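*Asks:* Handing over start.txt, compact mmCIF, C-alpha atoms.
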```txt
# COMPACT_ATOMS: atom_id res chain seq x y z
CA MET A 1 -15.06 6.55 -25.80
CA THR A 2 -13.36 8.62 -23.16
CA ASN A 3 -9.95 10.18 -22.65
CA LEU A 4 -9.84 9.61 -18.90
CA ILE A 5 -6.71 8.02 -17.45
CA ALA A 6 -6.74 5.77 -14.39
CA ILE A 7 -4.06 6.27 -11.75
CA THR A 8 -3.52 3.74 -8.97
CA ILE A 9 -2.56 5.04 -5.55
CA GLY A 10 0.59 2.95 -5.16
CA ASP A 11 2.20 3.37 -1.74
CA ILE A 12 0.41 6.43 -0.35
CA ASN A 13 3.42 7.05 1.91
CA GLY A 14 5.75 7.22 -1.09
CA ILE A 15 6.69 9.99 -3.49
CA GLY A 16 4.23 9.10 -6.29
CA ILE A 17 1.09 10.74 -4.91
CA GLU A 18 3.01 13.91 -4.02
CA ILE A 19 4.30 14.27 -7.58
CA LEU A 20 0.84 13.54 -9.00
CA ILE A 21 -0.93 16.19 -6.93
CA LYS A 22 1.65 18.85 -7.84
CA LEU A 23 1.26 18.08 -11.56
CA TRP A 24 -2.54 18.08 -11.25
CA LYS A 25 -2.53 21.44 -9.47
CA LYS A 26 -0.45 22.91 -12.31
CA ASN A 27 -2.89 21.37 -14.83
CA LYS A 28 -0.06 19.45 -16.47
CA ILE A 29 -2.02 16.27 -15.78
CA ASN A 30 -5.81 16.33 -16.01
CA LYS A 31 -8.71 14.09 -17.02
CA ILE A 32 -7.65 11.49 -14.47
CA ILE A 33 -9.34 9.22 -11.95
CA LEU A 34 -7.29 8.39 -8.87
CA PHE A 35 -8.10 4.99 -7.37
CA THR A 36 -7.92 5.04 -3.57
CA ASN A 37 -10.03 4.64 -0.47
CA ILE A 38 -11.10 8.22 0.23
CA ASN A 39 -10.43 7.96 3.98
CA TYR A 40 -6.76 7.11 3.47
CA LEU A 41 -6.43 9.97 1.00
CA LYS A 42 -8.01 12.41 3.44
CA ILE A 43 -5.55 11.34 6.14
CA PHE A 44 -2.70 11.97 3.70
CA LEU A 45 -4.02 15.41 2.67
CA LYS A 46 -4.64 16.50 6.27
CA LYS A 47 -1.15 15.43 7.32
CA ARG A 48 0.41 17.38 4.43
CA LYS A 49 -1.98 20.35 4.88
CA ILE A 50 -3.15 20.06 1.27
CA ASN A 51 -6.55 21.43 0.25
CA LEU A 52 -8.15 20.00 -2.88
CA LYS A 53 -11.55 20.05 -4.54
CA ILE A 54 -12.51 16.38 -4.59
CA ASN A 55 -15.26 14.55 -6.43
CA ILE A 56 -15.87 11.01 -5.18
CA LEU A 57 -16.86 8.29 -7.63
CA ASP A 58 -18.15 5.68 -5.23
CA GLU A 59 -18.40 1.93 -5.75
CA LYS A 60 -21.38 1.60 -3.41
CA THR A 61 -23.52 4.40 -4.83
CA LYS A 62 -22.38 3.76 -8.42
CA ASN A 63 -21.78 7.50 -8.79
CA LEU A 64 -19.50 7.75 -11.83
CA ASN A 65 -20.15 11.39 -12.72
CA TYR A 66 -16.78 12.90 -13.55
CA LYS A 67 -16.36 16.60 -12.68
CA ASN A 68 -13.90 18.93 -14.40
CA GLY A 69 -11.84 21.07 -12.04
CA TYR A 70 -12.00 18.44 -9.30
CA LEU A 71 -9.61 15.65 -8.39
CA ASN A 72 -11.86 12.71 -9.20
CA ILE A 73 -11.47 9.77 -6.82
CA PHE A 74 -12.86 6.29 -7.23
CA SER A 75 -13.26 5.06 -3.66
CA TYR A 76 -13.69 1.50 -2.39
CA LYS A 77 -13.31 -0.49 0.82
CA ALA A 78 -9.82 -1.12 2.24
CA LYS A 79 -8.74 -2.33 5.69
CA ASN A 80 -5.21 -0.92 5.53
CA ASN A 81 -2.77 0.92 3.26
CA GLU A 82 -1.58 -2.28 1.60
CA GLU A 83 -5.10 -3.42 0.74
CA ASN A 84 -5.78 0.07 -0.56
CA THR A 85 -2.76 -0.23 -2.84
CA TYR A 86 -3.66 -3.72 -4.02
CA ASN A 87 -7.36 -3.04 -4.67
CA SER A 88 -6.57 0.03 -6.74
CA LEU A 89 -4.92 -2.20 -9.35
CA LYS A 90 -8.04 -4.33 -9.83
CA TYR A 91 -10.49 -1.44 -10.03
CA ALA A 92 -8.32 0.59 -12.40
CA TYR A 93 -7.98 -2.43 -14.70
CA HIS A 94 -11.74 -2.93 -14.87
CA PHE A 95 -12.28 0.76 -15.68
CA CYS A 96 -10.02 0.24 -18.72
CA ILE A 97 -11.75 -2.99 -19.74
CA LYS A 98 -15.09 -1.15 -19.60
CA ASN A 99 -13.61 1.71 -21.70
CA ILE A 100 -14.21 4.25 -18.95
CA CYS A 101 -10.44 4.94 -18.98
CA ILE A 102 -7.97 4.64 -21.85
CA GLY A 103 -5.04 3.43 -19.74
CA ILE A 104 -3.48 3.04 -16.30
CA ILE A 105 -0.58 4.80 -14.61
CA THR A 106 0.51 2.71 -11.65
CA LEU A 107 2.23 4.77 -8.96
CA PRO A 108 5.14 2.97 -7.26
CA LEU A 109 4.35 0.49 -4.50
CA ARG A 110 6.19 -1.64 -1.95
CA LYS A 111 6.15 -5.19 -3.27
CA ASP A 112 7.48 -6.58 -0.01
CA LEU A 113 4.56 -5.14 1.97
CA ILE A 114 2.00 -6.44 -0.53
CA LYS A 115 3.53 -9.93 -0.33
CA GLU A 116 3.69 -9.82 3.46
CA LYS A 117 0.19 -8.52 4.16
CA ILE A 118 -2.01 -9.18 1.11
CA ASP A 119 -0.80 -11.62 -1.55
CA LYS A 120 2.15 -13.96 -0.99
CA LYS A 121 2.31 -14.68 -4.72
CA PHE A 122 2.53 -11.02 -5.77
CA ILE A 123 5.60 -10.47 -7.96
CA GLY A 124 5.06 -7.03 -9.45
CA HIS A 125 2.83 -4.84 -11.61
CA THR A 126 3.91 -6.51 -14.86
CA GLU A 127 3.03 -10.02 -13.74
CA TYR A 128 -0.13 -8.92 -11.91
CA PHE A 129 -1.68 -7.34 -15.00
CA GLN A 130 -0.53 -10.20 -17.22
CA ASN A 131 -2.46 -12.62 -15.00
CA LEU A 132 -5.48 -10.35 -14.69
CA ASP A 133 -5.54 -9.92 -18.48
CA LYS A 134 -5.22 -13.71 -18.89
CA LYS A 135 -2.18 -13.44 -21.13
CA LYS A 136 0.44 -16.16 -21.31
CA TYR A 137 3.12 -13.63 -22.25
CA SER A 138 3.83 -9.99 -21.50
CA ASN A 139 6.80 -7.71 -22.14
CA MET A 140 8.43 -5.23 -19.82
CA ILE A 141 9.30 -2.34 -22.13
CA LEU A 142 11.39 0.55 -20.85
CA TYR A 143 10.73 3.65 -22.91
CA ASN A 144 12.58 6.93 -23.16
CA LYS A 145 12.76 9.36 -26.06
CA LYS A 146 16.41 8.31 -26.48
CA ILE A 147 16.00 4.53 -26.25
CA ILE A 148 13.69 1.52 -25.91
CA ILE A 149 14.96 -1.44 -23.87
CA SER A 150 13.25 -4.71 -22.97
CA PRO A 151 14.35 -7.58 -20.69
CA ILE A 152 13.25 -11.10 -21.65
CA THR A 153 12.81 -12.16 -18.02
CA THR A 154 11.68 -9.86 -15.22
CA HIS A 155 11.41 -10.55 -11.50
CA ILE A 156 13.00 -13.98 -11.14
CA LYS A 157 16.06 -15.35 -9.35
CA VAL A 158 19.29 -15.06 -11.31
CA LYS A 159 19.99 -18.76 -10.84
CA ASN A 160 16.73 -19.56 -12.67
CA ILE A 161 17.34 -17.41 -15.77
CA SER A 162 19.08 -20.09 -17.83
CA LYS A 163 16.30 -22.58 -17.12
CA ILE A 164 13.58 -20.08 -18.08
CA ILE A 165 15.10 -19.14 -21.43
CA SER A 166 15.91 -22.76 -22.24
CA ASN A 167 12.22 -22.94 -23.14
CA LYS A 168 12.76 -21.77 -26.70
CA ARG A 169 9.04 -21.28 -27.26
CA PHE A 170 8.97 -18.78 -24.39
CA LEU A 171 11.99 -16.92 -25.75
CA TYR A 172 10.59 -16.93 -29.29
CA ASN A 173 7.18 -15.62 -28.24
CA GLN A 174 8.60 -12.93 -25.99
CA ILE A 175 10.54 -11.48 -28.91
CA LYS A 176 7.73 -11.97 -31.44
CA ASN A 177 5.23 -10.19 -29.18
CA LEU A 178 7.72 -7.42 -28.49
CA ASN A 179 8.14 -6.93 -32.22
CA ASN A 180 4.35 -6.71 -32.66
CA THR A 181 4.04 -4.22 -29.80
CA LEU A 182 6.70 -1.98 -31.34
CA LYS A 183 4.73 -1.99 -34.59
CA ILE A 184 1.27 -1.41 -33.14
CA ASP A 185 1.81 0.57 -29.95
CA PHE A 186 4.94 2.52 -30.91
CA ASN A 187 4.18 2.82 -34.63
CA ILE A 188 7.60 1.50 -35.71
CA ARG A 189 6.86 -0.07 -39.09
CA LYS A 190 9.89 -2.36 -39.34
CA PRO A 191 11.48 -2.64 -35.88
CA LYS A 192 15.19 -3.37 -35.81
CA LEU A 193 16.08 -5.46 -32.77
CA ILE A 194 19.30 -6.58 -31.16
CA ILE A 195 19.60 -9.12 -28.34
CA SER A 196 22.31 -9.66 -25.76
CA GLY A 197 23.80 -12.89 -24.53
CA LEU A 198 23.27 -14.21 -21.03
CA ASN A 199 26.92 -14.75 -20.18
CA PRO A 200 29.79 -12.24 -20.13
CA HIS A 201 31.12 -11.67 -23.66
CA ALA A 202 28.12 -13.67 -24.95
CA GLY A 203 29.76 -16.86 -23.69
CA GLU A 204 33.04 -16.45 -25.63
CA SER A 205 32.07 -19.06 -28.22
CA GLY A 206 30.94 -21.49 -25.54
CA LYS A 207 34.00 -21.20 -23.29
CA ILE A 208 32.13 -19.59 -20.37
CA GLY A 209 28.57 -20.59 -21.18
CA ARG A 210 26.64 -22.29 -23.96
CA GLU A 211 23.22 -20.59 -23.68
CA GLU A 212 24.09 -18.28 -26.57
CA ILE A 213 24.96 -21.21 -28.88
CA GLU A 214 22.32 -23.71 -27.81
CA ILE A 215 19.35 -21.45 -26.99
CA ILE A 216 19.51 -17.83 -28.10
CA SER A 217 21.11 -18.20 -31.55
CA PRO A 218 18.63 -20.86 -32.78
CA VAL A 219 15.71 -18.67 -31.67
CA VAL A 220 17.21 -15.64 -33.43
CA LYS A 221 17.52 -17.74 -36.60
CA SER A 222 13.86 -18.81 -36.36
CA LEU A 223 12.77 -15.19 -35.91
CA LYS A 224 14.79 -14.11 -38.93
CA ASN A 225 13.06 -16.82 -40.96
CA LYS A 226 9.79 -15.08 -40.01
CA LYS A 227 11.14 -11.79 -41.41
CA ILE A 228 11.74 -10.26 -37.97
CA LEU A 229 14.76 -7.97 -38.11
CA ILE A 230 16.94 -9.09 -35.21
CA ASP A 231 20.68 -9.39 -34.64
CA GLY A 232 22.65 -11.08 -31.88
CA PRO A 233 23.31 -12.43 -29.43
CA ILE A 234 26.16 -10.08 -28.67
CA SER A 235 28.01 -9.22 -25.50
CA PRO A 236 25.72 -7.10 -23.30
CA ASP A 237 28.54 -4.66 -22.52
CA GLY A 238 28.75 -3.77 -26.22
CA MET A 239 25.04 -3.32 -26.89
CA LEU A 240 24.67 0.40 -26.31
CA ILE A 241 27.55 1.83 -28.32
CA ASN A 242 26.79 4.86 -30.50
CA VAL A 243 26.64 2.99 -33.79
CA ASN A 244 24.03 0.59 -32.37
CA MET A 245 22.00 3.39 -30.80
CA LYS A 246 21.55 4.85 -34.28
CA LYS A 247 20.89 1.50 -35.97
CA TYR A 248 18.41 -0.31 -33.69
CA ASP A 249 14.92 0.54 -32.42
CA CYS A 250 14.92 -1.76 -29.39
CA PHE A 251 17.63 -3.37 -27.27
CA ILE A 252 16.70 -6.75 -25.78
CA PHE A 253 18.51 -7.99 -22.70
CA ILE A 254 18.11 -11.44 -21.20
CA TYR A 255 17.40 -10.44 -17.62
CA HIS A 256 16.12 -7.60 -15.47
CA ASP A 257 19.25 -5.84 -14.26
CA GLN A 258 21.05 -6.16 -17.60
CA ALA A 259 18.29 -3.90 -18.92
CA LEU A 260 17.43 -1.67 -15.97
CA ILE A 261 20.95 -0.52 -15.09
CA PRO A 262 21.75 1.12 -18.45
CA PHE A 263 18.17 2.33 -18.91
CA LYS A 264 18.07 4.21 -15.63
CA TYR A 265 21.49 5.71 -16.30
CA ILE A 266 20.40 6.93 -19.74
CA SER A 267 16.90 8.08 -18.79
CA GLN A 268 17.85 9.76 -15.48
CA PHE A 269 14.36 9.34 -13.98
CA THR A 270 12.49 10.42 -17.11
CA GLY A 271 11.74 6.89 -18.32
CA VAL A 272 8.50 4.91 -18.51
CA ASN A 273 7.94 1.24 -17.69
CA TYR A 274 5.32 -0.06 -20.16
CA THR A 275 3.74 -3.52 -20.11
CA GLY A 276 3.43 -4.77 -23.66
CA ASN A 277 1.15 -7.49 -25.04
CA LEU A 278 -1.86 -6.60 -22.88
CA SER A 279 -5.35 -5.61 -24.01
CA ILE A 280 -5.05 -2.50 -21.82
CA ILE A 281 -2.39 0.23 -21.71
CA ARG A 282 -0.40 0.18 -18.48
CA VAL A 283 2.57 2.41 -17.67
CA SER A 284 4.54 3.29 -14.55
CA PRO A 285 7.21 5.87 -13.69
CA ASP A 286 10.70 4.43 -13.42
CA HIS A 287 11.35 5.70 -9.89
CA GLY A 288 10.36 3.87 -6.72
CA THR A 289 8.58 4.99 -3.56
CA ALA A 290 11.60 7.18 -2.65
CA TYR A 291 10.64 7.91 0.95
CA ASN A 292 13.86 9.88 1.38
CA LEU A 293 12.74 12.48 -1.19
CA ILE A 294 9.34 13.27 0.31
CA GLY A 295 9.03 17.02 0.77
CA SER A 296 12.20 17.67 -1.21
CA LYS A 297 12.40 20.36 -3.89
CA ASN A 298 14.80 18.23 -5.93
CA ILE A 299 12.20 15.85 -7.32
CA SER A 300 11.78 15.25 -11.05
CA ASN A 301 8.20 14.93 -12.26
CA LEU A 302 9.24 14.05 -15.82
CA SER A 303 8.82 10.28 -15.50
CA LEU A 304 5.19 10.60 -14.38
CA LEU A 305 4.49 13.28 -16.95
CA ASN A 306 5.98 11.06 -19.67
CA CYS A 307 3.75 8.19 -18.50
CA TYR A 308 0.70 10.39 -18.97
CA ASN A 309 1.75 11.44 -22.47
CA LEU A 310 2.77 7.92 -23.55
CA ILE A 311 -0.70 6.53 -22.78
CA LYS A 312 -2.22 9.06 -25.16
CA LYS A 313 0.37 8.27 -27.81
CA ILE A 314 -0.16 4.50 -27.60
CA LYS A 315 -3.93 4.91 -27.61
CA LYS A 316 -3.69 6.93 -30.81
CA ASN A 317 -1.30 4.41 -32.38
CA ARG A 318 -3.55 1.47 -31.53
CA LYS A 319 -6.49 3.27 -33.05
CA THR A 320 -4.75 4.00 -36.33
CA ASN A 321 -2.86 0.73 -36.82
CA ASP A 322 -4.11 -2.49 -38.34
CA LYS A 323 -6.48 -4.26 -35.91
CA SER A 324 -5.49 -7.68 -37.21
CA LYS A 325 -1.94 -7.21 -35.90
CA LYS A 326 -3.02 -6.50 -32.36
CA ILE A 327 -2.27 -8.55 -29.27
CA THR A 328 -3.12 -12.26 -29.31
```
Do you think you could lay out the structure here as structure tokens?
*Replies:*
Amino acid sequence: MTNLIAITIGDINGIGIEILIKLWKKNKINKIILFTNINYLKIFLKKRKINLKINILDEKTKNLNYKNGYLNIFSYKAKNNEENTYNSLKYAYHFCIKNICIGIITLPLRKDLIKEKIDKKFIGHTEYFQNLDKKKYSNMILYNKKIIISPITTHIKVKNISKIISNKRFLYNQIKNLNNTLKIDFNIRKPKLIISGLNPHAGESGKIGREEIEIISPVVKSLKNKKILIDGPISPDGMLINVNMKKYDCFIFIYHDQALIPFKYISQFTGVNYTGNLSIIRVSPDHGTAYNLIGSKNISNLSLLNCYNLIKKIKKNRKTNDKSKKIT
């Protein structure tokens, strides 16, 4: 077993690789393998006038000899930047499956460019790894030392949210798997959950929406019958009051922006996006490509650093917790 961590290149023109190299130079992040075509990395380094000691782990030669004190690169074929980004996801995943690496940090990418030039069906990191891992369900979990938040649905059209959650089996399993992940990966013995409604004011007793009455409440009742500690649905604008912050371990919102807006405000670019219910550990910093910040001195490296530390924490938790409760 190894303690190496895989890092995907993301958008090489974005801020992720710049933050990574600075942290690596300061030895705040080490024991990593960066997945990128070496030629594209060399172009980047030459353009930025960055000198690094590089050790290439090559697909063709099967050279997988990791060297301390070097930035270790796993190189592979890529026709353009977008293919380089896309291929890094696949190779990093397989390194985790083969237990060469203990987890993956995915640097931010441009989904629109991947869809346009590589894979029209690409939705995002969460869905990509769910499919690659052959899991029917996965959870987007937003982690910060102050709070854990999870949206039930992720990258879908707002007009489709009601239809998606009307599948009560989907809603039930999303919450059940989230509860298991909190136990196993975050070592929370008896997670206390609270879920929002879909509509403003949780539908106002059915006056401005019936999803809370007809869909969410029956699922919450079923989960309680299975001894899962969950309350709600309540109005999303009242979820994160002080009394709830002290009472609950995880705040569940129905859709993406319900969750991401308060999380990013609270975490202030220190948060981690974790994909739960996978056989591998995958995390990502909560900032985007941020082209406008390239070269700036006002860049926080805390989100990436927290990603690195969270992988180690989850790996340790998985090792010590009951194997029978792991992902199904």
*Asks:* Could you pull the residues within 7 Å of A:Pro108, counting all atoms listed in the file, minus those fewer than 2 positions along the same chain, as a CSV table (one decimal) with C-alpha atoms, in the coordinates of the input?
*Replies:*
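result_19.csv written:
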```csv
chain,number,residue,atom,x,y,z
A,10,GLY,CA,0.6,3.0,-5.2
A,11,ASP,CA,2.2,3.4,-1.7
A,16,GLY,CA,4.2,9.1,-6.3
A,106,THR,CA,0.5,2.7,-11.6
A,288,GLY,CA,10.4,3.9,-6.7
A,289,THR,CA,8.6,5.0,-3.6
```
*Asks:* Considering all atoms listed in the file, tabulate each residue of stretch 88-109 of chain A that lies at most 9 Å from stretch 63-77 of chain A along with its nearest interatomic pair and the corresponding distance in Å to one decimal; arrange the rows by chain and ascending residue number and present them as a tab-separated table.
*Replies:*
```
residue	atom	partner	partner_atom	distance
A:Ser88	CA	A:Tyr76	CA	8.5
A:Tyr91	CA	A:Phe74	CA	8.6
A:Ala92	CA	A:Phe74	CA	8.9
```
*Asks:* As JSON, please report the centre and edge lengths, rounded to one decimal in Å, of the axis-aligned box that holds all listed atoms of stretch 111-119 of chain A with 5 Å of padding on each of the six sides.
*Replies:*
```
{"center_x": 2.7, "center_y": -8.4, "center_z": 0.4, "size_x": 19.5, "size_y": 16.5, "size_z": 17.4}
```
*Asks:* What does the distance between atom CA of A:Ile165 and atom CA of A:Ile114 come to in Å, to one decimal place?
*Replies:* 27.7 Å
*Asks:* Between A:Phe95, A:Trp24, A:Phe263, A:Phe251, which is the closest to A:Asn179 once you count all atoms listed in the file?
*Replies:* A:Phe251
*Asks:* Counting only C-alpha atoms, what is within 10 Å of A:Asn144, bar same-chain residues fewer than 6 positions away, as a list in words?
*Replies:*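 Everything that qualifies: Phe263, Lys264, Ile266, Ser267, Gln268, Phe269, Thr270, Gly271, Val272, Asn273, Ser303, Asn306 and Leu310 of chain A.
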*Asks:* Check the smallest atom-to-atom distance from each of A:Asp119, A:Lys136, A:Pro151, A:Leu293 to A:Ile252 using only C-alpha atoms, then report the winner.
*Replies:*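 Under the stated criterion, the closest residue is A:Pro151.
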*Asks:* Separation of atom CA of A:Ala259 and atom CA of A:Ile149, in Å?
*Replies:* 6.5 Å
*Asks:* Atom CA of A:Lys221 and atom CA of A:Ile234 are how many Å apart?
*Replies:* 14.0 Å
*Asks:* I want to know what sits within 10 Å of A:Thr320, based on all atoms listed in the file, with residues of the same chain fewer than 4 positions away left out; could you give that as a list in words?
*Replies:* Ile184, Asp185, Asn187, Ile314, Lys315 and Lys316 of chain A
*Asks:* Under the rule that all atoms listed in the file are counted, which of A:Ser150, A:Asn30, A:Asn13, A:Asn80 is the nearest residue to A:Asp249?
*Replies:* A:Ser150
*Asks:* Pick the closest to A:Lys224 from A:Val158, A:Asn39, A:Lys117, A:Tyr172: which is it, counting all atoms listed in the file?
*Replies:*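 Of all the options, A:Tyr172 lies closest to A:Lys224.
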